[in-house]
Amino acid sequence: MPIHADKQDRRMHFGVDWLALCNGHAMRIQLLIPISIIIFFQLPSFGQTPSTPKIRELLFALKNSNPDTSRVNLLLALSNRYFVVAGSNVHKTDSALAFAGQAKTLSDQIHYEKGQANAALTFGKIYQRNGQKELGKAYVQKAISEFNDSQDNRNVAESYLILSDFYDPLNSHEIDLKIHYYETAARYFQLAGASQREADTYNGLGDFHSIQGKQVESITDLKKALQIYESLHTPGLQSTYDLLGTVSSEIGDFKAAIKYGLLALKTAELLKDTTLQLCTIYNRLGVTYSILKQYKEAYFYFQKSIVIANKYNDLNSIMTLTVNISGALLDLNEPQKALLFLKDIEKKYPLKELRYRAFLYSKMIATYTRLKQFPIAQKYVDQLLHFFNNIDKNDSSRDLVYASIIPFFIATKQYSTARSYLMAYQDHSRLGSSAIEMVYNNKWWFQLDSAQAKFPLSLKKYIRYFAFKDSLYNENKSKQIAEIEIQFQTEAKNQEIKSKEQHIELLNRQEKLQQSNIQQAKLTRNMILCGVILLLLLLGVSYNRYLLKRSANQRLEDKQLEINSKNESLQSLVDQKDALLEEKEWLMKEIHHRVKNNLQIVISLLSTQSAYVYDEKASAAIKESQHRMHSISLIHQKLYQMDSRALIQVKDYINDLIDYLRQSFDTGTKVIFEKEIVDLELDASRAVPLGLILNEAITNSLKYAFPGDNNGVINVKLCRKRDHLFNLVIADNGIGLPSTFDVEHCQSLGVNLMKELCKQIGSDLKIKKDKGVSVTLDFTDHHLINIS
């Protein structure tokens, strides 16, 4: 019994051999009825698009907003987001109400009428979900009134659709109101110029009129929707075509049914639609072909449909197609194949819902009845009737049950039971709404009355059965349907040829591209091979360099170890040398100290001796010897006072010597010393001769240059003439030397001593008698330690 899986009303349409066409509005409502929900989210304040901000982003924007219309819109958007994600979450629903309340309060304060109306609309949706339908309706009606006051026709229409959502289309008492609100919404959409929404609304109206059994009104509405869609060049009209095909099939207009069904299929395939919508289209085409007794075509489309249903694991579609496929196999006289298919479904899907069990058991009964295995069929009948009364009276699975058990009771001669269920079905199905129903209802009555020998009644039912059947399946209709099929197949062939030509062109392009890719691949391969060879060569060279480097490093390490060993030896020698030098320095200091002390003793002895000498010349000679000893002693004093190096600071030494001689001769302020001395360091072997020369020259000036109370100046100058050449001058401005004085033949101890000392330092002594006396000597010393 093929069923549409898109209608959940109580009407039952039958094709040839147990073809029940409609199984309630489940799928159609899923596809079309939620138009009000779609409309709700298309409102300006409630739009939900892929780019809709998240709650966190909206809260951030709200925090930085001013109390104006933009804040109202943010509050409404937040309320809507919480409403969408709330589900059964009470906390989020409360948040939705709270934000809607804030939007209402702010709208009242700033007199924002549109915000007030949208807030009321939001309250209506929230209260509807919470089960407070009357309160929700009141808020939606308030929104409609406020939108009307502002002449906002678009939102008036949207609000009417939301109001219609409070009414159940499957409830015969409520569907009239739902249709009324849809018709009102369509008028306002037309006034607002919202053609797309107007077409959507007429599409919904067509569905609801079909549920009511008002097929003519349904087709009128659907054609209005189709006309508007086509004027707007709206793509994706397969659902509208599909619904038109279904309604046309219900009124027996199979030409239109096939036409619209094939248009729906063509549109879906062009748009590459692989959703459950395509599953529904295939199923409805199969049902229509079943009615027309074209069972192979029906079975073909049912098989294509169940592939999609299995892909989405949609149990409702799978169970619908289970009924249809097994029915098609029975029509093709393949009951064994139908039985295997049903058992496989029974094994795969543990059915808990009563309606799905009713689907399966009904087809099991029909199959076992066809196989004349009545005892097994009876078991399924008993199980089915056990829960039959628990199935909702509006559920179309009850129609399927009637369609299976009535023929079973007639076949098993349970005539009274068959009659009671046939009468119950007659009350249930509201006969007269479908020509197909009339065909099968009269057929069953004819079979039952004939079996009970009620021939007058039987003949009457047979005549009615034959009349209705003839009206459905006349030859002219078959020709028209065949023409439509040929037209569709021709278009399909043309499309296929065009597709093949495009495919051939694509293959040619792919071949060229492939050849290009092959050439590119060869070039790439050759480049890779060259790269690999170069890489291997580089690796070989690198490895060779590595080996050489490792060998060189090893040699360097060995050399380093040897150097470290030698460095340690040298360090040891240096340490020993430093120790010896330190010891030597200490000894030298000790020697200089002792020499100085010894010279001081000699000076003391000379001083003591001079006390017992009464000859002036002898006393003067002793005094001069003391001065000479002191000049030498002063050098040794300087040497042992030095921290490390055995060097004399000449400048300090000359200053100390001059101070000593000034004190010894007690010159006071009579004689002034002018000094110009370069910084120079000398060792003892050089300092002693220079010190004695200075002592002799200065002593001579102090003794003879300034007789009596004469004042004078003694100039001591030590300067560098050039590298390693120094000039020493000791000059006075005294009375000078006698005119008979001859330096070369002078037998003076002092002069001769100075001459000998000059020879020790590699210099010549020069004595001049110009404006006093000047003693000059130039000396070169390559052993000087430091010059600055």
# chains A, B, ... in the order shown; residues from 1 in each chain; ligands from 1
>>> select_by_dssp(residues="segment 486-695 of chain A", states="strand (DSSP E or B)", output="PDB file with N, CA, C and O atoms, in the first residue's frame")
ATOM      1  N   ILE A 648     114.141  53.680  39.976  1.00  0.00           N
ATOM      2  CA  ILE A 648     114.158  54.938  40.719  1.00  0.00           C
ATOM      3  C   ILE A 648     113.378  55.976  39.939  1.00  0.00           C
ATOM      4  O   ILE A 648     113.588  56.152  38.731  1.00  0.00           O
ATOM      5  N   GLN A 649     112.446  56.643  40.634  1.00  0.00           N
ATOM      6  CA  GLN A 649     111.756  57.785  40.036  1.00  0.00           C
ATOM      7  C   GLN A 649     112.732  58.972  40.126  1.00  0.00           C
ATOM      8  O   GLN A 649     112.972  59.543  41.189  1.00  0.00           O
ATOM      9  N   VAL A 671     119.417  80.954  48.146  1.00  0.00           N
ATOM     10  CA  VAL A 671     119.554  80.287  46.849  1.00  0.00           C
ATOM     11  C   VAL A 671     118.194  79.684  46.465  1.00  0.00           C
ATOM     12  O   VAL A 671     117.566  78.993  47.270  1.00  0.00           O
ATOM     13  N   ILE A 672     117.801  79.977  45.254  1.00  0.00           N
ATOM     14  CA  ILE A 672     116.528  79.440  44.719  1.00  0.00           C
ATOM     15  C   ILE A 672     116.825  78.368  43.687  1.00  0.00           C
ATOM     16  O   ILE A 672     117.693  78.580  42.820  1.00  0.00           O
ATOM     17  N   PHE A 673     116.153  77.265  43.825  1.00  0.00           N
ATOM     18  CA  PHE A 673     116.304  76.159  42.861  1.00  0.00           C
ATOM     19  C   PHE A 673     115.143  76.186  41.857  1.00  0.00           C
ATOM     20  O   PHE A 673     113.977  76.224  42.257  1.00  0.00           O
ATOM     21  N   GLU A 674     115.508  76.242  40.597  1.00  0.00           N
ATOM     22  CA  GLU A 674     114.514  76.112  39.518  1.00  0.00           C
ATOM     23  C   GLU A 674     114.702  74.749  38.867  1.00  0.00           C
ATOM     24  O   GLU A 674     115.827  74.424  38.450  1.00  0.00           O
ATOM     25  N   LYS A 675     113.599  73.984  38.825  1.00  0.00           N
ATOM     26  CA  LYS A 675     113.695  72.585  38.370  1.00  0.00           C
ATOM     27  C   LYS A 675     112.764  72.365  37.174  1.00  0.00           C
ATOM     28  O   LYS A 675     111.629  72.783  37.181  1.00  0.00           O
ATOM     29  N   GLU A 676     113.310  71.681  36.195  1.00  0.00           N
ATOM     30  CA  GLU A 676     112.541  71.262  35.015  1.00  0.00           C
ATOM     31  C   GLU A 676     112.992  69.840  34.699  1.00  0.00           C
ATOM     32  O   GLU A 676     113.995  69.642  33.995  1.00  0.00           O
ATOM     33  N   ILE A 677     112.270  68.896  35.249  1.00  0.00           N
ATOM     34  CA  ILE A 677     112.738  67.502  35.224  1.00  0.00           C
ATOM     35  C   ILE A 677     111.658  66.638  34.559  1.00  0.00           C
ATOM     36  O   ILE A 677     110.482  66.650  34.953  1.00  0.00           O
ATOM     37  N   LEU A 680     111.041  60.177  34.613  1.00  0.00           N
ATOM     38  CA  LEU A 680     111.959  59.155  34.106  1.00  0.00           C
ATOM     39  C   LEU A 680     112.247  58.165  35.210  1.00  0.00           C
ATOM     40  O   LEU A 680     112.362  58.530  36.378  1.00  0.00           O
ATOM     41  N   GLU A 681     112.295  56.859  34.836  1.00  0.00           N
ATOM     42  CA  GLU A 681     112.640  55.798  35.773  1.00  0.00           C
ATOM     43  C   GLU A 681     113.956  55.164  35.336  1.00  0.00           C
ATOM     44  O   GLU A 681     114.122  54.806  34.171  1.00  0.00           O
ATOM     45  N   LEU A 682     114.890  55.018  36.312  1.00  0.00           N
ATOM     46  CA  LEU A 682     116.198  54.420  36.025  1.00  0.00           C
ATOM     47  C   LEU A 682     116.497  53.352  37.045  1.00  0.00           C
ATOM     48  O   LEU A 682     116.016  53.400  38.189  1.00  0.00           O
TER      49      LEU A 682
END
>>> residues_around(residues="segment 368-374 of chain A", least_positions_apart="6", cutoff="8 Å", atoms="only C-alpha atoms", output="VMD selection string")
chain A and resid 330 335 339 408 411 to 412
>>> write_last_selection(atoms="N, CA and C atoms", output="short mmCIF file (atom, residue, chain, number, x, y, z; two decimals), in the first residue's frame")
data_model
loop_
_atom_site.label_atom_id
_atom_site.label_comp_id
_atom_site.auth_asym_id
_atom_site.auth_seq_id
_atom_site.Cartn_x
_atom_site.Cartn_y
_atom_site.Cartn_z
N LEU A 330 3.95 -6.70 -4.53
CA LEU A 330 2.73 -7.51 -4.61
C LEU A 330 2.01 -7.24 -5.93
N PRO A 335 5.22 -11.84 -4.34
CA PRO A 335 4.97 -11.81 -2.90
C PRO A 335 6.14 -12.33 -2.07
N LEU A 339 7.90 -10.42 0.95
CA LEU A 339 8.01 -10.98 2.29
C LEU A 339 9.45 -10.87 2.81
N PHE A 408 -8.53 -9.33 4.18
CA PHE A 408 -8.18 -10.58 4.85
C PHE A 408 -9.44 -11.28 5.36
N ALA A 411 -11.32 -12.75 2.49
CA ALA A 411 -10.64 -13.93 1.94
C ALA A 411 -10.79 -15.14 2.85
N THR A 412 -10.85 -14.90 4.17
CA THR A 412 -10.96 -16.02 5.12
C THR A 412 -12.41 -16.27 5.52
#
>>> residues_around(residues="Ile406 of chain A", least_positions_apart="2", cutoff="7 Å", atoms="only C-alpha atoms", output="mmCIF file with all heavy atoms, in the first residue's frame")
data_model
loop_
_atom_site.group_PDB
_atom_site.id
_atom_site.type_symbol
_atom_site.label_atom_id
_atom_site.label_comp_id
_atom_site.auth_asym_id
_atom_site.auth_seq_id
_atom_site.Cartn_x
_atom_site.Cartn_y
_atom_site.Cartn_z
ATOM 1 N N TYR A 402 -7.289 -0.742 8.106
ATOM 2 C CA TYR A 402 -8.559 -1.116 7.468
ATOM 3 C C TYR A 402 -8.306 -1.746 6.091
ATOM 4 O O TYR A 402 -8.944 -2.733 5.715
ATOM 5 C CB TYR A 402 -9.453 0.113 7.302
ATOM 6 C CG TYR A 402 -10.109 0.596 8.581
ATOM 7 C CD1 TYR A 402 -9.941 1.896 9.042
ATOM 8 C CD2 TYR A 402 -10.940 -0.261 9.310
ATOM 9 C CE1 TYR A 402 -10.556 2.341 10.206
ATOM 10 C CE2 TYR A 402 -11.564 0.175 10.479
ATOM 11 C CZ TYR A 402 -11.369 1.470 10.917
ATOM 12 O OH TYR A 402 -11.979 1.906 12.063
ATOM 13 N N ALA A 403 -7.361 -1.166 5.345
ATOM 14 C CA ALA A 403 -7.114 -1.634 3.981
ATOM 15 C C ALA A 403 -6.479 -3.025 3.949
ATOM 16 O O ALA A 403 -6.468 -3.662 2.898
ATOM 17 C CB ALA A 403 -6.212 -0.638 3.255
ATOM 18 N N SER A 404 -5.942 -3.488 5.086
ATOM 19 C CA SER A 404 -5.332 -4.824 5.106
ATOM 20 C C SER A 404 -6.266 -5.874 5.726
ATOM 21 O O SER A 404 -6.343 -7.013 5.252
ATOM 22 C CB SER A 404 -4.005 -4.781 5.860
ATOM 23 O OG SER A 404 -4.212 -4.395 7.206
ATOM 24 N N PHE A 408 -8.532 -9.326 4.180
ATOM 25 C CA PHE A 408 -8.182 -10.580 4.845
ATOM 26 C C PHE A 408 -9.443 -11.281 5.360
ATOM 27 O O PHE A 408 -9.616 -12.496 5.172
ATOM 28 C CB PHE A 408 -7.224 -10.310 6.011
ATOM 29 C CG PHE A 408 -7.048 -11.491 6.922
ATOM 30 C CD1 PHE A 408 -6.236 -12.572 6.536
ATOM 31 C CD2 PHE A 408 -7.706 -11.558 8.158
ATOM 32 C CE1 PHE A 408 -6.088 -13.663 7.374
ATOM 33 C CE2 PHE A 408 -7.542 -12.640 8.986
ATOM 34 C CZ PHE A 408 -6.737 -13.714 8.599
ATOM 35 N N PHE A 409 -10.344 -10.528 6.044
ATOM 36 C CA PHE A 409 -11.558 -11.139 6.583
ATOM 37 C C PHE A 409 -12.457 -11.660 5.454
ATOM 38 O O PHE A 409 -13.106 -12.697 5.591
ATOM 39 C CB PHE A 409 -12.317 -10.141 7.459
ATOM 40 C CG PHE A 409 -11.633 -9.866 8.786
ATOM 41 C CD1 PHE A 409 -11.491 -8.572 9.258
ATOM 42 C CD2 PHE A 409 -11.159 -10.919 9.559
ATOM 43 C CE1 PHE A 409 -10.877 -8.328 10.466
ATOM 44 C CE2 PHE A 409 -10.543 -10.676 10.778
ATOM 45 C CZ PHE A 409 -10.396 -9.379 11.235
ATOM 46 N N ILE A 410 -12.497 -10.952 4.325
ATOM 47 C CA ILE A 410 -13.296 -11.436 3.176
ATOM 48 C C ILE A 410 -12.680 -12.717 2.628
ATOM 49 O O ILE A 410 -13.388 -13.693 2.344
ATOM 50 C CB ILE A 410 -13.384 -10.354 2.097
ATOM 51 C CG1 ILE A 410 -14.194 -9.146 2.595
ATOM 52 C CG2 ILE A 410 -14.019 -10.909 0.821
ATOM 53 C CD1 ILE A 410 -14.179 -7.954 1.648
ATOM 54 N N ALA A 418 -15.720 -8.754 8.683
ATOM 55 C CA ALA A 418 -15.373 -7.882 7.558
ATOM 56 C C ALA A 418 -16.382 -6.765 7.420
ATOM 57 O O ALA A 418 -16.017 -5.597 7.188
ATOM 58 C CB ALA A 418 -15.295 -8.692 6.272
ATOM 59 N N TYR A 421 -15.943 -4.047 10.172
ATOM 60 C CA TYR A 421 -14.803 -3.163 9.945
ATOM 61 C C TYR A 421 -14.997 -2.297 8.694
ATOM 62 O O TYR A 421 -14.528 -1.153 8.649
ATOM 63 C CB TYR A 421 -13.509 -3.977 9.830
ATOM 64 C CG TYR A 421 -12.952 -4.354 11.189
ATOM 65 C CD1 TYR A 421 -13.056 -5.651 11.685
ATOM 66 C CD2 TYR A 421 -12.336 -3.383 11.985
ATOM 67 C CE1 TYR A 421 -12.554 -5.995 12.932
ATOM 68 C CE2 TYR A 421 -11.835 -3.710 13.240
ATOM 69 C CZ TYR A 421 -11.954 -5.010 13.699
ATOM 70 O OH TYR A 421 -11.455 -5.322 14.936
ATOM 71 N N LEU A 422 -15.739 -2.828 7.702
ATOM 72 C CA LEU A 422 -15.990 -2.035 6.507
ATOM 73 C C LEU A 422 -16.912 -0.857 6.838
ATOM 74 O O LEU A 422 -16.711 0.262 6.350
ATOM 75 C CB LEU A 422 -16.598 -2.909 5.415
ATOM 76 C CG LEU A 422 -16.775 -2.276 4.031
ATOM 77 C CD1 LEU A 422 -15.475 -1.667 3.541
ATOM 78 C CD2 LEU A 422 -17.281 -3.315 3.052
#
>>> residues_around(residues="Asp344 of chain A", least_positions_apart="4", cutoff="12 Å", atoms="only C-alpha atoms", output="MDAnalysis selection string")
chainID A and resid 322 326 337:340 348:350 360 364
>>> residues_around(residues="segment 717-723 of chain A", least_positions_apart="2", cutoff="8 Å", atoms="only C-alpha atoms", output="ChimeraX atom specification")
/A:675-678,715,725-730
>>> residues_around(residues="Ser195 of chain A", least_positions_apart="4", cutoff="10 Å", atoms="only C-alpha atoms", output="JSON, numbers by chain")
{"A": [186, 189, 190, 191, 199, 200, 201, 225, 228, 229, 231, 232]}
>>> residues_around(residues="Gln600 of chain A", least_positions_apart="4", cutoff="8 Å", atoms="only C-alpha atoms", output="list in words")
Lys596, Ser604, Met629, His630 and Ser633 of chain A
>>> select_by_dssp(residues="segment 265-487 of chain A", states="alpha helix (DSSP H)", output="JSON, numbers by chain")
{"A": [265, 266, 267, 268, 269, 270, 276, 277, 278, 279, 280, 281, 282, 283, 284, 285, 286, 287, 288, 289, 290, 291, 295, 296, 297, 298, 299, 300, 301, 302, 303, 304, 305, 306, 307, 308, 309, 310, 311, 312, 315, 316, 317, 318, 319, 320, 321, 322, 323, 324, 325, 326, 327, 328, 329, 330, 331, 335, 336, 337, 338, 339, 340, 341, 342, 343, 344, 345, 346, 347, 348, 354, 355, 356, 357, 358, 359, 360, 361, 362, 363, 364, 365, 366, 367, 368, 369, 370, 374, 375, 376, 377, 378, 379, 380, 381, 382, 383, 384, 385, 386, 387, 388, 397, 398, 399, 400, 401, 402, 403, 404, 405, 406, 407, 408, 409, 410, 411, 415, 416, 417, 418, 419, 420, 421, 422, 423, 424, 425, 426, 427, 428, 429, 435, 436, 437, 438, 439, 440, 441, 442, 443, 444, 445, 446, 447, 448, 449, 450, 451, 455, 456, 457, 458, 459, 460, 461, 462, 463, 464, 465, 466, 467, 468, 469, 470, 471, 472, 475, 476, 477, 478, 479, 480, 481, 482, 483, 484, 485, 486, 487]}
>>> atom_distance(atom1="atom CA of Asp68 of chain A", atom2="atom CA of Thr105 of chain A")
11.6 Å
>>> closest_residue(among="A:Leu385, A:Cys758, A:Val751, A:Ala521", to="Arg686 of chain A", atoms="only C-alpha atoms")
A:Cys758
>>> atom_distance(atom1="atom CA of Asn695 of chain A", atom2="atom CA of Ser625 of chain A")
10.5 Å
>>> closest_residue(among="A:Leu163, A:Val775, A:Ala96, A:Ala185", to="Lys142 of chain A", atoms="only C-alpha atoms")
A:Leu163
>>> atom_distance(atom1="atom CA of Glu158 of chain A", atom2="atom CA of Val72 of chain A")
19.7 Å
>>> decode(residues="segment 684-710 of chain A", atoms="N, CA, C and O atoms", output="short mmCIF file (atom, residue, chain, number, x, y, z; two decimals), in the first residue's frame")
data_model
loop_
_atom_site.label_atom_id
_atom_site.label_comp_id
_atom_site.auth_asym_id
_atom_site.auth_seq_id
_atom_site.Cartn_x
_atom_site.Cartn_y
_atom_site.Cartn_z
N ALA A 684 119.35 51.19 39.41
CA ALA A 684 120.37 51.68 40.33
C ALA A 684 121.70 51.95 39.63
O ALA A 684 122.42 52.92 39.96
N SER A 685 122.05 51.11 38.65
CA SER A 685 123.34 51.25 37.96
C SER A 685 123.43 52.56 37.18
O SER A 685 124.52 53.05 36.90
N ARG A 686 122.31 53.15 36.78
CA ARG A 686 122.30 54.41 36.07
C ARG A 686 122.02 55.57 37.01
O ARG A 686 122.48 56.69 36.81
N ALA A 687 121.19 55.28 38.03
CA ALA A 687 120.82 56.36 38.94
C ALA A 687 121.98 56.82 39.81
O ALA A 687 122.11 58.02 40.10
N VAL A 688 122.86 55.89 40.25
CA VAL A 688 123.97 56.26 41.15
C VAL A 688 124.92 57.26 40.49
O VAL A 688 125.24 58.31 41.08
N PRO A 689 125.41 57.00 39.23
CA PRO A 689 126.31 57.98 38.61
C PRO A 689 125.64 59.35 38.45
O PRO A 689 126.26 60.39 38.72
N LEU A 690 124.39 59.37 37.97
CA LEU A 690 123.71 60.64 37.81
C LEU A 690 123.53 61.34 39.14
O LEU A 690 123.67 62.56 39.24
N GLY A 691 123.22 60.55 40.18
CA GLY A 691 123.06 61.15 41.51
C GLY A 691 124.35 61.79 42.01
O GLY A 691 124.32 62.89 42.59
N LEU A 692 125.50 61.13 41.80
CA LEU A 692 126.78 61.67 42.25
C LEU A 692 127.15 62.91 41.44
O LEU A 692 127.69 63.88 41.99
N ILE A 693 126.85 62.86 40.09
CA ILE A 693 127.13 64.04 39.26
C ILE A 693 126.31 65.22 39.76
O ILE A 693 126.82 66.34 39.90
N LEU A 694 125.03 65.00 40.01
CA LEU A 694 124.18 66.07 40.53
C LEU A 694 124.71 66.58 41.87
O LEU A 694 124.76 67.80 42.12
N ASN A 695 125.10 65.66 42.73
CA ASN A 695 125.61 66.04 44.05
C ASN A 695 126.84 66.94 43.90
O ASN A 695 126.94 67.98 44.56
N GLU A 696 127.81 66.56 43.02
CA GLU A 696 129.03 67.31 42.85
C GLU A 696 128.73 68.70 42.27
O GLU A 696 129.27 69.71 42.73
N ALA A 697 127.86 68.71 41.23
CA ALA A 697 127.60 69.99 40.58
C ALA A 697 126.86 70.95 41.49
O ALA A 697 127.21 72.14 41.59
N ILE A 698 125.82 70.47 42.18
CA ILE A 698 125.03 71.35 43.07
C ILE A 698 125.88 71.79 44.25
O ILE A 698 125.84 72.96 44.67
N THR A 699 126.66 70.83 44.83
CA THR A 699 127.50 71.16 45.97
C THR A 699 128.51 72.26 45.59
O THR A 699 128.73 73.21 46.35
N ASN A 700 129.08 72.12 44.38
CA ASN A 700 130.05 73.12 43.91
C ASN A 700 129.39 74.49 43.79
O ASN A 700 129.98 75.51 44.17
N SER A 701 128.17 74.52 43.27
CA SER A 701 127.47 75.80 43.14
C SER A 701 127.16 76.41 44.49
O SER A 701 127.29 77.62 44.70
N LEU A 702 126.72 75.60 45.43
CA LEU A 702 126.37 76.09 46.76
C LEU A 702 127.59 76.62 47.50
O LEU A 702 127.51 77.60 48.25
N LYS A 703 128.73 75.97 47.27
CA LYS A 703 129.94 76.36 48.00
C LYS A 703 130.59 77.60 47.41
O LYS A 703 131.08 78.48 48.16
N TYR A 704 130.63 77.69 46.06
CA TYR A 704 131.48 78.72 45.45
C TYR A 704 130.73 79.76 44.62
O TYR A 704 131.30 80.82 44.33
N ALA A 705 129.53 79.52 44.22
CA ALA A 705 128.89 80.43 43.29
C ALA A 705 128.38 81.70 43.95
O ALA A 705 128.31 82.75 43.32
N PHE A 706 128.04 81.60 45.22
CA PHE A 706 127.39 82.75 45.87
C PHE A 706 128.11 83.07 47.18
O PHE A 706 127.64 82.70 48.27
N PRO A 707 129.32 83.70 47.08
CA PRO A 707 130.08 84.04 48.30
C PRO A 707 129.36 85.13 49.10
O PRO A 707 128.61 85.93 48.53
N GLY A 708 129.65 85.11 50.36
CA GLY A 708 129.05 86.14 51.21
C GLY A 708 127.55 85.96 51.29
O GLY A 708 127.01 84.86 51.44
N ASP A 709 126.84 87.09 51.19
CA ASP A 709 125.37 87.07 51.25
C ASP A 709 124.74 87.17 49.86
O ASP A 709 123.58 87.59 49.71
N ASN A 710 125.50 86.82 48.85
CA ASN A 710 124.95 86.91 47.49
C ASN A 710 123.79 85.92 47.30
O ASN A 710 123.88 84.76 47.73
#
